[in-house]
Amino acid sequence: MLLPASSRAPDTAPLTFVCLHYWAGSGKEWQTVAELLAPDYQVLAPDLGGFGSALAPTGGFTVDAYADQILEQIAAQQLQQYVLVGHSMGGKIALALAVRQPVGLVGVALLSPAPPTPEPMTEEDRQGSLRAYGQRLEAEKTLHKITARTLPAAVQQQIVADNLRSSKAAWNAWLLHGSRENIAARLGHLRVPCTLLAGDRDAVLSPSVHGLETLPLLPEGTRLEIVGGAGHLLPYEAPEEVAVLLRSFAQQLLKVAN
């Protein structure tokens with residue numbers, strides 16, 4: 001999904017937010033955020049390989065293979081300046097791509113990101129998630145566990161549908177491998193400004209996890225913003241707050257660039 005900006009000057013390259021979704025989700029989670037950012041900013045919100053309608057990444061389901069997939073899509077869209085926005089699993093992928101210092105990248109925004117270190121997950125939870133694959137009742141339980149704000153019925157249905165159409169290969173790969181990958185040593189190569197947003201009622205990755213595992217590895221001056229009363233699915237639960245953060249971050253980046 002690429003939603004265009006229409007109010008920029010003709011000779012100015014648009015700033016695009018390249019938005020990467022959470023595990024067992026899809027690019028559709030960014031729809032409302034994209035609408036709130038229009039017409040000033042473009043939003044590219046692809047399905048990650050094995051989720052939504054996307055095929056498996058060419059290189060498999062590793063964090064780097066996903067980063068390769070996104071870089072290919074950025075090139076295909078000929079984006080000249082963009083911000084990587086990573087939610088949960090998408091946050092780890094965004095960082096893996098950002099440390100490569102790709103041309104056109106101006107910033108990274110992380111929403112309840114999976115940490116660059118192995119994700120703090122008990123073996124009991126891991127095995128439970130593996131067994132939950134493809135089960136509607138489990139998908140519905142997960143929805144209620146990871147959200148704190150009440151969501152419209154249509155949004156709840158979308159979240160459950162995305163969960164159920166995940167491929168088993170992608171589902172298992174993240175739980176067994178991707179979530180355990182450690183890319184912390186690479187973050188010394190991160191050269192662009194970052195911002196971090198989390199819900200104070202996140203039952204998956206609490207703000208303390210971000211403060212301990214992610215924030216110390218980001219560039220000096222990176223701020224951790226907290227959304228009150230929100231859980232893990234910030235683009236669904238708090239689209240207005242997310243859009244405000246992204247607008248503010250973009251304005252800061254453009255001010256520095258000019």
# chains A, B, ... in the order shown; residues from 1 in each chain; ligands from 1
>>> select_by_dssp(residues="segment 70-229 of chain A", states="helix (DSSP H, G or I)", output="JSON, numbers by chain")
{"A": [70, 71, 72, 73, 74, 75, 76, 77, 89, 90, 91, 92, 93, 94, 95, 96, 97, 98, 123, 124, 125, 126, 127, 128, 129, 130, 131, 136, 137, 138, 139, 140, 141, 142, 143, 144, 145, 146, 153, 154, 155, 156, 157, 158, 159, 160, 161, 162, 163, 164, 168, 169, 170, 171, 172, 173, 174, 175, 176, 178, 179, 180, 184, 185, 186, 187, 188, 189, 207, 208, 209, 210, 211, 212, 213, 214, 215, 216, 217]}
>>> closest_atom_pairs(of="segment 8-60 of chain A", to="segment 234-245 of chain A", cutoff="12 Å", atoms="only C-alpha atoms", output="JSON lines")
{"residue": "A:Phe17", "atom": "CA", "partner": "A:Ala243", "partner_atom": "CA", "distance": 10.7}
{"residue": "A:Cys19", "atom": "CA", "partner": "A:Pro235", "partner_atom": "CA", "distance": 10.2}
{"residue": "A:Leu20", "atom": "CA", "partner": "A:Pro235", "partner_atom": "CA", "distance": 10.9}
{"residue": "A:His21", "atom": "CA", "partner": "A:Pro235", "partner_atom": "CA", "distance": 9.2}
{"residue": "A:Tyr22", "atom": "CA", "partner": "A:Pro235", "partner_atom": "CA", "distance": 10.0}
{"residue": "A:Gly25", "atom": "CA", "partner": "A:Tyr236", "partner_atom": "CA", "distance": 11.2}
{"residue": "A:Ser26", "atom": "CA", "partner": "A:Pro235", "partner_atom": "CA", "distance": 11.5}
{"residue": "A:Gly27", "atom": "CA", "partner": "A:Pro235", "partner_atom": "CA", "distance": 10.5}
{"residue": "A:Lys28", "atom": "CA", "partner": "A:Tyr236", "partner_atom": "CA", "distance": 9.7}
{"residue": "A:Glu29", "atom": "CA", "partner": "A:Pro235", "partner_atom": "CA", "distance": 6.1}
{"residue": "A:Trp30", "atom": "CA", "partner": "A:Pro235", "partner_atom": "CA", "distance": 6.1}
{"residue": "A:Gln31", "atom": "CA", "partner": "A:Pro235", "partner_atom": "CA", "distance": 8.6}
{"residue": "A:Thr32", "atom": "CA", "partner": "A:Pro239", "partner_atom": "CA", "distance": 6.4}
{"residue": "A:Val33", "atom": "CA", "partner": "A:Pro239", "partner_atom": "CA", "distance": 5.2}
{"residue": "A:Ala34", "atom": "CA", "partner": "A:Ala243", "partner_atom": "CA", "distance": 8.0}
{"residue": "A:Glu35", "atom": "CA", "partner": "A:Ala243", "partner_atom": "CA", "distance": 9.2}
{"residue": "A:Leu36", "atom": "CA", "partner": "A:Ala243", "partner_atom": "CA", "distance": 6.3}
{"residue": "A:Leu37", "atom": "CA", "partner": "A:Ala243", "partner_atom": "CA", "distance": 6.2}
{"residue": "A:Ala38", "atom": "CA", "partner": "A:Ala243", "partner_atom": "CA", "distance": 10.0}
{"residue": "A:Asp40", "atom": "CA", "partner": "A:Ala243", "partner_atom": "CA", "distance": 11.5}
{"residue": "A:Tyr41", "atom": "CA", "partner": "A:Ala243", "partner_atom": "CA", "distance": 10.6}
{"residue": "A:Val43", "atom": "CA", "partner": "A:Ala243", "partner_atom": "CA", "distance": 11.3}
{"residue": "A:Ala45", "atom": "CA", "partner": "A:Pro235", "partner_atom": "CA", "distance": 11.9}
>>> residues_around(residues="segment 57-60 of chain A", least_positions_apart="6", cutoff="9 Å", atoms="only C-alpha atoms", output="count of residues only")
8
>>> closest_residue(among="A:Ile146, A:Val103, A:Leu246, A:Leu95", to="Gln78 of chain A", atoms="only C-alpha atoms")
A:Val103
>>> atom_distance(atom1="atom CA of Gly228 of chain A", atom2="atom CA of Ser179 of chain A")
26.1 Å
>>> residues_around(residues="segment 195-198 of chain A", least_positions_apart="5", cutoff="8 Å", atoms="only C-alpha atoms", output="PyMOL selection string")
chain A and resi 108-112+206-207+215+222-227+232+234+249
>>> residues_around(residues="Ile70 of chain A", least_positions_apart="4", cutoff="9 Å", atoms="only C-alpha atoms", output="list in words")
Val18, Leu20, Pro46, Leu48, Ala65, Tyr66, Ile74, Ala75, Ile93, Ala94 and Leu97 of chain A
>>> write_last_selection(atoms="C-alpha atoms", output="tab-separated table (two decimals), in the first residue's frame")
chain	number	residue	atom	x	y	z
A	18	VAL	CA	7.97	3.06	5.30
A	20	LEU	CA	6.66	-2.34	8.95
A	46	PRO	CA	3.92	-3.57	2.70
A	48	LEU	CA	6.11	-8.71	5.26
A	65	ALA	CA	16.04	-11.40	4.64
A	66	TYR	CA	13.11	-9.21	5.64
A	74	ILE	CA	12.03	1.03	-1.46
A	75	ALA	CA	14.10	0.80	-4.63
A	93	ILE	CA	13.69	-5.38	10.94
A	94	ALA	CA	13.81	-1.57	10.66
A	97	LEU	CA	18.03	-2.21	7.64
>>> residues_around(residues="Asn172 of chain A", least_positions_apart="5", cutoff="12 Å", atoms="only C-alpha atoms", output="list in words")
Trp23, Ala24, Gly50, Phe51, Phe61, Thr62, Arg126, Gln127, Gly128, Ser129, Leu130, Arg131, Ala132, Tyr133, Gly134, Ser166, Ser167, His177, Gly178, Ser179 and Arg180 of chain A
